[in-house]
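Visitor: The file below is target-v9.txt, compact mmCIF, C-alpha atoms (C1' of nucleotides):
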```txt
# COMPACT_ATOMS: atom_id res chain seq x y z
CA MET A 1 131.00 70.90 32.14
CA LEU A 2 134.34 70.15 33.78
CA LYS A 3 135.48 69.00 30.36
CA TYR A 4 135.19 72.54 29.02
CA ILE A 5 137.07 74.10 31.92
CA LEU A 6 139.92 71.71 31.33
CA LEU A 7 139.86 72.39 27.59
CA GLY A 8 139.85 76.12 28.34
CA PHE A 9 142.97 75.93 30.47
CA LEU A 10 144.69 73.49 28.14
CA ASN A 11 143.99 75.90 25.29
CA MET A 12 146.31 78.35 27.05
CA HIS A 13 149.07 76.01 28.21
CA ALA A 14 149.84 72.32 28.55
CA HIS A 15 149.26 71.11 32.09
CA THR A 16 149.30 68.10 34.38
CA GLY A 17 146.14 67.09 36.23
CA TYR A 18 147.67 68.37 39.40
CA ASP A 19 148.36 71.78 37.86
CA LEU A 20 144.88 72.01 36.45
CA HIS A 21 143.44 71.39 39.87
CA ALA A 22 145.61 74.15 41.32
CA HIS A 23 144.34 76.47 38.58
CA LEU A 24 140.73 75.75 39.38
CA GLU A 25 141.35 76.36 43.06
CA THR A 26 142.77 79.81 42.52
CA SER A 27 140.57 81.04 39.69
CA THR A 28 137.28 79.32 38.90
CA ALA A 29 136.72 77.75 42.32
CA HIS A 30 134.10 80.27 43.41
CA PHE A 31 131.81 79.37 40.51
CA TRP A 32 133.07 75.94 39.52
CA ASN A 33 135.23 73.55 41.45
CA ALA A 34 136.22 69.91 41.13
CA LYS A 35 138.09 67.37 43.17
CA LEU A 36 141.47 66.17 42.00
CA SER A 37 140.20 62.61 41.64
CA GLN A 38 137.43 63.81 39.35
CA ILE A 39 139.91 65.75 37.24
CA TYR A 40 142.06 62.66 36.69
CA VAL A 41 139.07 60.60 35.65
CA THR A 42 137.80 63.31 33.30
CA LEU A 43 141.21 63.80 31.67
CA LYS A 44 141.48 60.09 31.00
CA LYS A 45 138.07 60.09 29.34
CA MET A 46 138.94 63.17 27.30
CA GLU A 47 142.13 61.58 26.07
CA SER A 48 140.32 58.44 24.98
CA ASP A 49 137.88 60.71 23.12
CA GLY A 50 140.80 62.37 21.35
CA LEU A 51 140.23 65.87 22.76
CA ILE A 52 143.60 65.96 24.45
CA GLN A 53 146.84 64.00 24.36
CA SER A 54 149.46 63.30 26.99
CA GLU A 55 153.14 62.65 27.26
CA ILE A 56 155.07 61.44 30.26
CA GLU A 57 157.81 63.53 31.76
CA GLU A 58 160.01 61.32 33.88
CA GLN A 59 161.14 62.54 37.25
CA ASP A 60 163.55 60.84 39.62
CA ASP A 61 162.55 62.17 42.98
CA ARG A 62 158.79 62.46 42.41
CA PRO A 63 156.15 60.49 40.49
CA ASP A 64 156.38 60.93 36.75
CA LYS A 65 154.28 63.74 35.34
CA ARG A 66 151.62 63.22 32.72
CA ILE A 67 151.44 66.42 30.71
CA TYR A 68 148.29 67.01 28.73
CA SER A 69 147.91 69.23 25.70
CA ILE A 70 144.87 70.07 23.59
CA THR A 71 144.35 68.55 20.14
CA ASP A 72 142.66 70.11 17.10
CA SER A 73 139.61 68.07 17.91
CA GLY A 74 139.66 69.50 21.44
CA ARG A 75 139.91 73.05 20.11
CA THR A 76 136.90 72.43 17.90
CA GLU A 77 134.96 71.01 20.83
CA LEU A 78 135.71 74.10 22.92
CA GLN A 79 134.66 76.43 20.11
CA ASP A 80 131.44 74.51 19.54
CA TRP A 81 130.58 74.79 23.19
CA LEU A 82 131.22 78.52 23.23
CA ASP A 83 129.15 78.96 20.08
CA LYS A 84 126.18 77.07 21.44
CA PRO A 85 124.35 79.77 23.44
CA HIS A 86 123.45 79.37 27.08
CA THR A 87 119.84 80.44 27.50
CA THR A 88 118.85 79.45 31.02
CA VAL A 89 119.49 80.79 34.48
CA ASP A 90 122.03 78.88 36.54
CA GLN A 91 120.40 77.22 39.47
CA MET A 92 122.04 77.30 42.84
CA LYS A 93 122.10 74.74 45.62
CA SER A 94 122.53 76.29 49.02
CA LYS A 95 122.57 74.22 52.15
CA MET A 96 122.65 77.40 54.20
CA LEU A 97 119.37 78.67 52.73
CA LEU A 98 117.83 75.24 52.93
CA ARG A 99 118.56 75.00 56.64
CA LEU A 100 117.25 78.50 57.19
CA PHE A 101 114.06 77.65 55.32
CA PHE A 102 113.33 74.88 57.83
CA ALA A 103 114.77 76.72 60.83
CA GLY A 104 111.25 77.04 62.24
CA PHE A 105 111.69 73.46 63.45
CA HIS A 106 114.96 74.28 65.11
CA ASN A 107 116.34 76.06 68.13
CA LEU A 108 116.68 79.80 67.48
CA ASP A 109 119.96 80.26 69.36
CA THR A 110 121.57 77.54 67.30
CA VAL A 111 120.29 79.06 64.07
CA ILE A 112 121.78 82.45 64.96
CA THR A 113 125.11 80.87 65.87
CA GLU A 114 125.23 79.11 62.54
CA LEU A 115 124.48 82.32 60.65
CA ASN A 116 127.21 84.13 62.55
CA LEU A 117 129.70 81.51 61.48
CA GLN A 118 128.56 81.88 57.89
CA LYS A 119 129.03 85.62 58.20
CA ALA A 120 132.63 85.21 59.32
CA LEU A 121 133.36 82.82 56.46
CA HIS A 122 131.84 85.12 53.85
CA GLU A 123 133.67 88.16 55.21
CA GLN A 124 136.88 86.25 54.80
CA ARG A 125 136.05 85.45 51.20
CA LEU A 126 135.14 89.05 50.51
CA ARG A 127 138.57 90.17 51.69
CA TYR A 128 140.16 87.45 49.60
CA TYR A 129 138.46 88.57 46.36
CA ARG A 130 139.48 92.15 47.03
CA THR A 131 143.16 91.33 47.51
CA GLU A 132 144.63 87.92 46.63
CA THR A 133 142.36 87.20 43.68
CA ARG A 134 143.40 90.46 42.02
CA GLN A 135 147.05 89.45 42.28
CA ILE A 136 146.42 85.96 40.99
CA ILE A 137 144.72 87.44 37.92
CA ASP A 138 147.62 89.81 37.27
CA ILE A 139 150.17 87.03 37.50
CA GLY A 140 148.05 84.76 35.30
CA ALA A 141 147.70 87.44 32.64
CA GLU A 142 151.47 87.89 32.45
CA SER A 143 152.12 84.22 31.82
CA THR A 144 149.29 83.58 29.35
CA PRO A 145 149.26 84.30 25.62
CA ASN A 146 146.92 87.24 25.00
CA GLY A 147 146.66 87.57 28.76
CA ASP A 148 145.69 91.25 28.80
CA TYR A 149 142.57 90.46 26.85
CA HIS A 150 141.61 87.40 28.91
CA LYS A 151 142.14 89.46 32.03
CA ILE A 152 139.06 91.57 31.32
CA PHE A 153 136.83 88.50 31.54
CA TRP A 154 138.65 87.01 34.49
CA ASP A 155 138.22 90.24 36.37
CA ALA A 156 134.51 90.36 35.53
CA THR A 157 134.04 86.99 37.23
CA ARG A 158 136.16 88.17 40.17
CA GLU A 159 133.96 91.23 40.45
CA PHE A 160 130.90 88.98 40.53
CA GLY A 161 132.46 87.06 43.41
CA GLU A 162 133.22 90.24 45.31
CA ARG A 163 129.71 91.61 44.90
CA TYR A 164 128.13 88.29 45.75
CA GLU A 165 130.07 88.04 49.00
CA ALA A 166 129.31 91.66 49.89
CA MET A 167 125.61 90.99 49.34
CA VAL A 168 125.67 87.82 51.42
CA VAL A 169 127.44 89.54 54.30
CA GLU A 170 124.92 92.38 54.27
CA TRP A 171 121.97 90.01 54.10
CA LEU A 172 123.39 87.87 56.91
CA THR A 173 123.95 90.92 59.10
CA GLU A 174 120.36 92.04 58.70
CA THR A 175 118.91 88.56 59.05
CA ILE A 176 120.86 87.94 62.25
CA GLN A 177 119.61 91.30 63.51
CA ILE A 178 115.97 90.38 62.86
CA LEU A 179 116.31 86.98 64.52
CA SER A 180 118.15 88.39 67.52
CA THR A 181 115.42 90.94 68.13
CA MET A 182 112.83 88.18 68.00
CA GLN A 183 114.82 86.19 70.50
CA VAL A 184 114.82 89.07 72.99
CA GLU A 185 111.09 89.65 72.57
CA LYS A 186 110.36 86.04 73.36
CA GLU A 187 111.97 86.26 76.82
CA MET B 188 120.04 66.70 50.79
CA LEU B 189 116.76 66.27 48.94
CA LYS B 190 115.82 63.82 51.67
CA TYR B 191 115.77 66.63 54.22
CA ILE B 192 113.68 68.95 52.09
CA LEU B 193 111.10 66.24 51.69
CA LEU B 194 111.18 65.48 55.42
CA GLY B 195 110.80 69.20 56.12
CA PHE B 196 107.66 69.50 54.01
CA LEU B 197 106.24 66.22 55.24
CA ASN B 198 106.74 67.44 58.78
CA MET B 199 104.16 70.13 58.02
CA HIS B 200 101.62 68.11 56.01
CA ALA B 201 101.22 64.76 54.32
CA HIS B 202 101.86 65.01 50.59
CA THR B 203 102.07 63.09 47.34
CA GLY B 204 105.27 63.16 45.32
CA TYR B 205 103.57 65.37 42.82
CA ASP B 206 102.57 67.87 45.52
CA LEU B 207 106.04 67.91 46.98
CA HIS B 208 107.46 68.76 43.60
CA ALA B 209 105.02 71.63 43.24
CA HIS B 210 106.08 72.86 46.67
CA LEU B 211 109.74 72.88 45.72
CA GLU B 212 108.98 74.75 42.53
CA THR B 213 107.24 77.59 44.29
CA SER B 214 109.36 77.89 47.40
CA THR B 215 112.82 76.34 47.55
CA ALA B 216 113.46 76.23 43.81
CA HIS B 217 115.79 79.23 43.77
CA PHE B 218 118.20 77.57 46.17
CA TRP B 219 117.31 73.89 45.80
CA ASN B 220 115.36 72.19 43.08
CA ALA B 221 114.76 68.59 42.00
CA LYS B 222 113.09 66.81 39.14
CA LEU B 223 109.88 64.91 39.72
CA SER B 224 111.52 61.63 38.76
CA GLN B 225 114.20 62.18 41.36
CA ILE B 226 111.59 62.93 44.01
CA TYR B 227 109.77 59.65 43.34
CA VAL B 228 112.98 57.67 43.60
CA THR B 229 114.01 59.42 46.81
CA LEU B 230 110.62 58.93 48.43
CA LYS B 231 110.72 55.23 47.68
CA LYS B 232 114.16 54.96 49.27
CA MET B 233 113.01 56.95 52.30
CA GLU B 234 110.02 54.71 52.80
CA SER B 235 112.16 51.58 52.68
CA ASP B 236 114.39 53.25 55.28
CA GLY B 237 111.37 53.83 57.51
CA LEU B 238 111.54 57.63 57.50
CA ILE B 239 108.15 58.01 55.89
CA GLN B 240 105.12 55.83 55.19
CA SER B 241 102.53 55.90 52.44
CA GLU B 242 98.93 55.02 51.86
CA ILE B 243 97.06 54.83 48.58
CA GLU B 244 94.08 57.05 47.92
CA GLU B 245 92.08 55.59 45.07
CA GLN B 246 90.80 57.88 42.37
CA ASP B 247 88.53 56.97 39.47
CA ASP B 248 89.38 59.56 36.88
CA ARG B 249 93.11 59.92 37.59
CA PRO B 250 95.91 57.61 38.69
CA ASP B 251 95.69 56.65 42.36
CA LYS B 252 97.55 58.91 44.74
CA ARG B 253 100.29 57.73 47.03
CA ILE B 254 100.18 59.96 50.09
CA TYR B 255 103.31 60.08 52.21
CA SER B 256 103.52 61.05 55.85
CA ILE B 257 106.49 61.35 58.18
CA THR B 258 107.24 58.72 60.84
CA ASP B 259 108.84 59.21 64.26
CA SER B 260 112.05 57.94 62.81
CA GLY B 261 111.79 60.55 60.07
CA ARG B 262 111.21 63.32 62.61
CA THR B 263 114.32 62.22 64.49
CA GLU B 264 116.34 62.20 61.26
CA LEU B 265 115.22 65.76 60.47
CA GLN B 266 116.08 66.96 63.97
CA ASP B 267 119.49 65.30 63.85
CA TRP B 268 120.24 67.00 60.56
CA LEU B 269 119.24 70.41 61.90
CA ASP B 270 121.30 69.84 65.05
CA LYS B 271 124.44 68.91 63.15
CA PRO B 272 125.95 72.32 62.33
CA HIS B 273 126.79 73.40 58.81
CA THR B 274 130.27 74.90 58.91
CA THR B 275 131.29 75.40 55.28
CA VAL B 276 130.47 77.87 52.55
CA ASP B 277 128.07 76.63 49.88
CA GLN B 278 129.80 76.33 46.58
CA MET B 279 128.10 77.52 43.43
CA LYS B 280 128.26 76.19 39.91
CA SER B 281 127.60 78.83 37.31
CA LYS B 282 127.71 78.07 33.63
CA MET B 283 127.26 81.78 32.92
CA LEU B 284 130.43 82.72 34.83
CA LEU B 285 132.29 79.79 33.39
CA ARG B 286 131.53 80.87 29.85
CA LEU B 287 132.47 84.44 30.66
CA PHE B 288 135.76 83.29 32.14
CA PHE B 289 136.71 81.75 28.80
CA ALA B 290 135.05 84.42 26.68
CA GLY B 291 138.48 85.58 25.54
CA PHE B 292 138.39 82.68 23.08
CA HIS B 293 135.02 83.72 21.79
CA ASN B 294 133.42 86.35 19.62
CA LEU B 295 132.72 89.52 21.62
CA ASP B 296 129.36 90.31 19.98
CA THR B 297 128.08 86.88 20.84
CA VAL B 298 129.26 87.21 24.42
CA ILE B 299 127.43 90.51 24.84
CA THR B 300 124.25 89.06 23.33
CA GLU B 301 124.39 86.19 25.76
CA LEU B 302 124.84 88.53 28.73
CA ASN B 303 121.90 90.63 27.59
CA LEU B 304 119.70 87.56 27.56
CA GLN B 305 120.88 86.68 31.05
CA LYS B 306 120.02 90.20 32.16
CA ALA B 307 116.45 89.89 30.88
CA LEU B 308 116.03 86.55 32.64
CA HIS B 309 117.37 87.85 35.93
CA GLU B 310 115.22 90.97 35.77
CA GLN B 311 112.21 88.73 35.39
CA ARG B 312 113.19 86.73 38.44
CA LEU B 313 113.76 89.87 40.43
CA ARG B 314 110.21 91.01 39.71
CA TYR B 315 108.94 87.55 40.61
CA TYR B 316 110.57 87.56 44.05
CA ARG B 317 109.19 91.00 44.75
CA THR B 318 105.60 90.06 43.93
CA GLU B 319 104.50 86.44 43.44
CA THR B 320 106.89 84.90 45.95
CA ARG B 321 105.55 87.18 48.69
CA GLN B 322 102.01 85.98 48.01
CA ILE B 323 103.03 82.34 47.91
CA ILE B 324 104.63 82.74 51.34
CA ASP B 325 101.51 84.39 52.77
CA ILE B 326 99.26 81.65 51.48
CA GLY B 327 101.65 78.96 52.71
CA ALA B 328 101.77 80.49 56.17
CA GLU B 329 97.97 80.44 56.47
CA SER B 330 97.71 76.75 55.65
CA THR B 331 100.64 75.53 57.75
CA PRO B 332 100.67 74.82 61.47
CA ASN B 333 102.72 77.52 63.19
CA GLY B 334 102.86 79.27 59.84
CA ASP B 335 103.46 82.77 61.21
CA TYR B 336 106.68 81.63 62.78
CA HIS B 337 107.91 79.66 59.75
CA LYS B 338 107.11 82.68 57.61
CA ILE B 339 109.98 84.67 59.12
CA PHE B 340 112.49 82.14 57.80
CA TRP B 341 110.78 81.69 54.47
CA ASP B 342 110.85 85.40 53.94
CA ALA B 343 114.53 85.57 54.85
CA THR B 344 115.31 83.14 52.01
CA ARG B 345 113.04 85.11 49.68
CA GLU B 346 114.91 88.27 50.60
CA PHE B 347 118.17 86.52 49.75
CA GLY B 348 116.76 85.68 46.33
CA GLU B 349 115.65 89.24 45.74
CA ARG B 350 119.02 90.70 46.70
CA TYR B 351 120.89 88.12 44.71
CA GLU B 352 118.94 88.91 41.55
CA ALA B 353 119.31 92.64 42.10
CA MET B 354 123.07 92.21 42.43
CA VAL B 355 123.28 90.04 39.31
CA VAL B 356 121.29 92.54 37.24
CA GLU B 357 123.52 95.39 38.39
CA TRP B 358 126.69 93.43 37.72
CA LEU B 359 125.45 92.38 34.28
CA THR B 360 124.53 95.95 33.37
CA GLU B 361 128.00 97.19 34.24
CA THR B 362 129.79 94.25 32.65
CA ILE B 363 127.86 94.69 29.41
CA GLN B 364 128.75 98.37 29.53
CA ILE B 365 132.47 97.63 29.85
CA LEU B 366 132.44 95.09 27.04
CA SER B 367 130.40 97.33 24.73
CA THR B 368 132.86 100.18 25.19
CA MET B 369 135.70 97.83 24.33
CA GLN B 370 133.88 96.74 21.24
CA VAL B 371 133.56 100.32 20.00
CA GLU B 372 137.22 101.06 20.69
CA LYS B 373 138.29 98.09 18.62
CA GLU B 374 136.63 99.46 15.49
C1' DC C 375 158.33 65.05 64.34
C1' DG C 376 154.49 66.22 61.83
C1' DC C 377 152.34 68.71 58.21
C1' DA C 378 151.99 70.56 53.66
C1' DC C 379 153.19 69.94 48.97
C1' DC C 380 154.01 67.27 44.84
C1' DA C 381 151.99 63.58 41.90
C1' DT C 382 149.22 59.75 40.38
C1' DG C 383 145.43 56.96 40.25
C1' DT C 384 141.09 53.31 41.46
C1' DA C 385 136.66 51.84 43.65
C1' DA C 386 132.35 52.39 45.79
C1' DT C 387 128.58 54.95 46.35
C1' DG C 388 125.39 58.63 45.82
C1' DC C 389 123.05 62.22 43.46
C1' DG C 390 120.92 64.14 39.36
C1' DT C 391 119.29 64.43 34.47
C1' DT C 392 117.11 62.85 30.43
C1' DA C 393 114.46 59.82 28.16
C1' DC C 394 110.99 56.41 28.19
C1' DA C 395 106.18 54.88 29.26
C1' DT C 396 101.04 55.85 30.12
C1' DG C 397 96.81 58.37 29.97
C1' DA C 398 92.60 61.18 31.39
C1' DT C 399 90.96 66.04 32.28
C1' DT C 400 90.96 70.87 31.91
C1' DT C 401 92.16 75.13 29.92
C1' DT C 402 93.34 78.08 25.97
C1' DA D 403 93.10 71.10 18.30
C1' DA D 404 96.84 71.65 21.24
C1' DA D 405 98.90 72.46 25.53
C1' DA D 406 99.00 72.26 30.43
C1' DT D 407 97.76 69.81 34.61
C1' DC D 408 97.28 65.79 37.28
C1' DA D 409 99.62 61.44 38.55
C1' DT D 410 102.84 57.60 38.67
C1' DG D 411 106.88 55.35 37.85
C1' DT D 412 111.55 52.88 35.48
C1' DA D 413 116.06 52.78 32.99
C1' DA D 414 120.29 54.50 31.28
C1' DC D 415 123.72 57.42 31.80
C1' DG D 416 126.74 60.93 33.62
C1' DC D 417 128.76 63.65 37.10
C1' DA D 418 130.61 64.16 41.82
C1' DT D 419 132.21 62.80 46.43
C1' DT D 420 134.64 60.02 49.66
C1' DA D 421 137.64 56.68 50.73
C1' DC D 422 141.43 53.88 49.52
C1' DA D 423 146.33 53.38 48.00
C1' DT D 424 151.35 55.06 47.54
C1' DG D 425 155.39 57.70 48.68
C1' DG D 426 159.25 61.22 48.47
C1' DT D 427 160.69 66.27 49.59
C1' DG D 428 160.86 70.42 52.19
C1' DC D 429 159.70 73.38 55.96
C1' DG D 430 158.93 74.86 60.72
```
Can you give me the file's structure in the form of structure tokens?

Guide:
Amino acid sequence: MLKYILLGFLNMHAHTGYDLHAHLETSTAHFWNAKLSQIYVTLKKMESDGLIQSEIEEQDDRPDKRIYSITDSGRTELQDWLDKPHTTVDQMKSKMLLRLFFAGFHNLDTVITELNLQKALHEQRLRYYRTETRQIIDIGAESTPNGDYHKIFWDATREFGERYEAMVVEWLTETIQILSTMQVEKE
Amino acid sequence: MLKYILLGFLNMHAHTGYDLHAHLETSTAHFWNAKLSQIYVTLKKMESDGLIQSEIEEQDDRPDKRIYSITDSGRTELQDWLDKPHTTVDQMKSKMLLRLFFAGFHNLDTVITELNLQKALHEQRLRYYRTETRQIIDIGAESTPNGDYHKIFWDATREFGERYEAMVVEWLTETIQILSTMQVEKE
DNA sequence: CGCACCATGTAATGCGTTACATGATTTT
DNA sequence: AAAATCATGTAACGCATTACATGGTGCG
């Protein structure tokens, strides 16, 4: 899947692996992230498959840059992927929910503490999607060909993130409430 | 992570690999799922690590069963995992959002069709969490030691699932609305 | 003086999916 | 007659994480 994200970004601009990673961090990270090391490996594979090509830009003070750009074959691959419909529901993996599921084996105080930490983290993300992410999208749209059109879709995914975080915060608040009440009753 | 799910279930009852898979499907699947083949491999590894042990129950008509049970070492491992706090936000991977993010390169009709399919699938899940999942939890609680207590946590994860699906359906409805309006304007 | 940023990569290990392989019983 | 359920596993492959390895610039 990472292959298609990289093709997507390279279809807008040429980029180094480092840049691509920075792009993921600020835009797709909340629904798809990858480590820098993985990006380098994937780019190398994609180049050997002819989907992208690279040229070296020499730098004196820093390591030379390897700048990747998409090939015709890469553009075709991206189109084929978009054309092939996605017909299943994405499955999530949540360590938080997993730990809560088995929390009956655990100390209740500790469980509540952990959920409170999660709440703080998700509140922070919620604020982030409402402010910074909006700005990042605006800036991205200005520097991308056809950016105003892309922006509609970028903002739809941002909106998903915002609503998801709002839902999680609400659910955490109520769950903590239920568990805290139980804790008092036990005494 | 799968290791801990299996330890969690085996800490309630002894189970075969097949049974454990069925358990995942009906309870943790919406936040953690695994293929049967992966479960068999993981169980084998866990046994060689001394976390679980197995005995064969011979059957005439069907393949013999290998019934796993947790060892003291396994119980300790589960406790250690629960005690070690989880301090990060779970990251999601969503092909749906990924495709939407790059939908600017794609045909708008096709995008809308795909989102409508997603909506139908998520509506179905929402109904499932509101009905079947509740019953599965009740039945599970009756046949599990200390089931009434565990049930509180199981239901909290079910509630998360329900709210998540409700949020997704709402977001999809509005997103489809926005894109459909755009489509008309273009004509 | 230390940390963050820029910039590239390799190696080891682990986790997960798909396909392969078998085969009887029960339900539709 | 076909599909689902019960029941076990192996093999090949791909994707992802963590650690290793290097090193200059700029900021507080």

Visitor: Distance limit 8 Å, atoms considered: only C-alpha atoms (C1' of nucleotides). Which chain B residues sit that close to chain D? Return them as a list of chain:residue names.

Guide: B:Tyr205, B:Ser224, B:Tyr227, B:Arg249, B:Pro250, B:Asp251, B:Lys252

Visitor: Show me a table, sorted first by chain and then by increasing residue number, of the residues of chain B having an atom at most 6 Å from chain A, each with its shortest atom pair and the distance in Å to one decimal, counting all atoms listed in the file and written as a Markdown table.

Guide:
```
| residue | atom | partner | partner_atom | distance |
| --- | --- | --- | --- | --- |
| B:Phe218 | CA | A:Lys93 | CA | 4.8 |
| B:Trp219 | CA | A:Lys93 | CA | 4.9 |
| B:Asp277 | CA | A:Ser94 | CA | 5.6 |
| B:Met279 | CA | A:Phe31 | CA | 5.1 |
| B:Lys280 | CA | A:Phe31 | CA | 4.8 |
| B:Ser281 | CA | A:Phe31 | CA | 5.3 |
| B:Phe288 | CA | A:Trp154 | CA | 5.3 |
| B:Gly291 | CA | A:His150 | CA | 4.9 |
| B:His337 | CA | A:Gly104 | CA | 4.9 |
| B:Phe340 | CA | A:Phe101 | CA | 5.4 |
| B:Trp341 | CA | A:Phe101 | CA | 5.3 |
```

Visitor: In Å, with one decimal, what is the gap from atom C1' of C:DC389 to atom CA of B:Gln225?

Guide: 9.1 Å

Visitor: Enumerate, in order of chain and increasing residue number, the residues of chain C with an atom no farther than 10 Å from chain A, each with its shortest atom pair and distance in Å to one decimal, counting all atoms listed in the file, as a Markdown table.

Guide:
```
| residue | atom | partner | partner_atom | distance |
| --- | --- | --- | --- | --- |
| C:DC380 | C1' | A:Arg62 | CA | 7.2 |
| C:DA381 | C1' | A:Pro63 | CA | 5.4 |
| C:DT382 | C1' | A:Pro63 | CA | 7.0 |
| C:DG383 | C1' | A:Tyr40 | CA | 7.5 |
| C:DT384 | C1' | A:Ser37 | CA | 9.3 |
```

Visitor: Please identify all polymer residues within 12 Å of A:Thr26, counting all atoms listed in the file, omitting same-chain residues fewer than 6 positions from it, and present them as a tab-separated table (two decimals) with C-alpha atoms, in the frame of the given file.

Guide:
```tsv
chain	number	residue	atom	x	y	z
A	19	ASP	CA	148.36	71.78	37.86
A	20	LEU	CA	144.88	72.01	36.45
A	32	TRP	CA	133.07	75.94	39.52
A	33	ASN	CA	135.23	73.55	41.45
A	34	ALA	CA	136.22	69.91	41.13
A	128	TYR	CA	140.16	87.45	49.60
A	129	TYR	CA	138.46	88.57	46.36
A	132	GLU	CA	144.63	87.92	46.63
A	133	THR	CA	142.36	87.20	43.68
A	134	ARG	CA	143.40	90.46	42.02
A	135	GLN	CA	147.05	89.45	42.28
A	136	ILE	CA	146.42	85.96	40.99
A	137	ILE	CA	144.72	87.44	37.92
A	139	ILE	CA	150.17	87.03	37.50
A	140	GLY	CA	148.05	84.76	35.30
A	154	TRP	CA	138.65	87.01	34.49
A	158	ARG	CA	136.16	88.17	40.17
```

Visitor: Quick check, in Å to one decimal: how far apart do atom CA of A:Asp138 and atom CA of A:Leu6 lie?

Guide: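 Atom CA of A:Leu6 lies at a distance of 20.5 Å from atom CA of A:Asp138.
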
Visitor: So the first atom is atom CA of B:Thr360 and the second is atom CA of A:His23; what is the distance between them in Å, to one decimal place?

Guide: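 Computed distance, atom CA of B:Thr360 to atom CA of A:His23, equals 28.3 Å.
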
Visitor: I'd like the contact shell of stretch 70-72 of chain A - 9 Å cut-off, only C-alpha atoms (C1' of nucleotides), skipping same-chain residues fewer than 3 positions apart - returned as a PyMOL selection string.

Guide: chain A and resi 7+10-11+13-14+50-54+75-77

Visitor: For stretch 278-289 of chain B, which lacks atoms in the input, supply N, CA, C and O atoms and format the output as a short mmCIF file (atom, residue, chain, number, x, y, z; two decimals), keeping the file's coordinate frame.

Guide:
```cif
data_model
loop_
_atom_site.label_atom_id
_atom_site.label_comp_id
_atom_site.auth_asym_id
_atom_site.auth_seq_id
_atom_site.Cartn_x
_atom_site.Cartn_y
_atom_site.Cartn_z
N GLN B 278 129.11 75.99 47.81
CA GLN B 278 129.80 76.33 46.58
C GLN B 278 128.82 76.40 45.41
O GLN B 278 127.90 75.62 45.32
N MET B 279 129.03 77.38 44.56
CA MET B 279 128.10 77.52 43.43
C MET B 279 128.72 76.94 42.16
O MET B 279 129.93 76.78 42.04
N LYS B 280 127.84 76.62 41.23
CA LYS B 280 128.26 76.19 39.91
C LYS B 280 127.51 77.09 38.93
O LYS B 280 126.29 77.03 38.85
N SER B 281 128.25 77.91 38.23
CA SER B 281 127.60 78.83 37.31
C SER B 281 128.16 78.71 35.91
O SER B 281 129.32 79.05 35.65
N LYS B 282 127.32 78.20 35.03
CA LYS B 282 127.71 78.07 33.63
C LYS B 282 127.93 79.46 33.02
O LYS B 282 128.83 79.64 32.20
N MET B 283 127.12 80.42 33.44
CA MET B 283 127.26 81.78 32.92
C MET B 283 128.66 82.32 33.21
O MET B 283 129.34 82.83 32.32
N LEU B 284 129.10 82.19 34.46
CA LEU B 284 130.43 82.72 34.83
C LEU B 284 131.54 81.93 34.16
O LEU B 284 132.56 82.48 33.75
N LEU B 285 131.31 80.64 34.04
CA LEU B 285 132.29 79.79 33.39
C LEU B 285 132.51 80.22 31.94
O LEU B 285 133.65 80.34 31.47
N ARG B 286 131.43 80.45 31.24
CA ARG B 286 131.53 80.87 29.85
C ARG B 286 132.18 82.25 29.73
O ARG B 286 132.97 82.50 28.82
N LEU B 287 131.86 83.10 30.68
CA LEU B 287 132.47 84.44 30.66
C LEU B 287 133.97 84.35 30.93
O LEU B 287 134.76 85.08 30.33
N PHE B 288 134.34 83.46 31.80
CA PHE B 288 135.76 83.29 32.14
C PHE B 288 136.59 82.93 30.89
O PHE B 288 137.72 83.37 30.75
N PHE B 289 136.01 82.15 30.02
CA PHE B 289 136.71 81.75 28.80
C PHE B 289 136.27 82.54 27.56
O PHE B 289 136.54 82.13 26.43
#
```
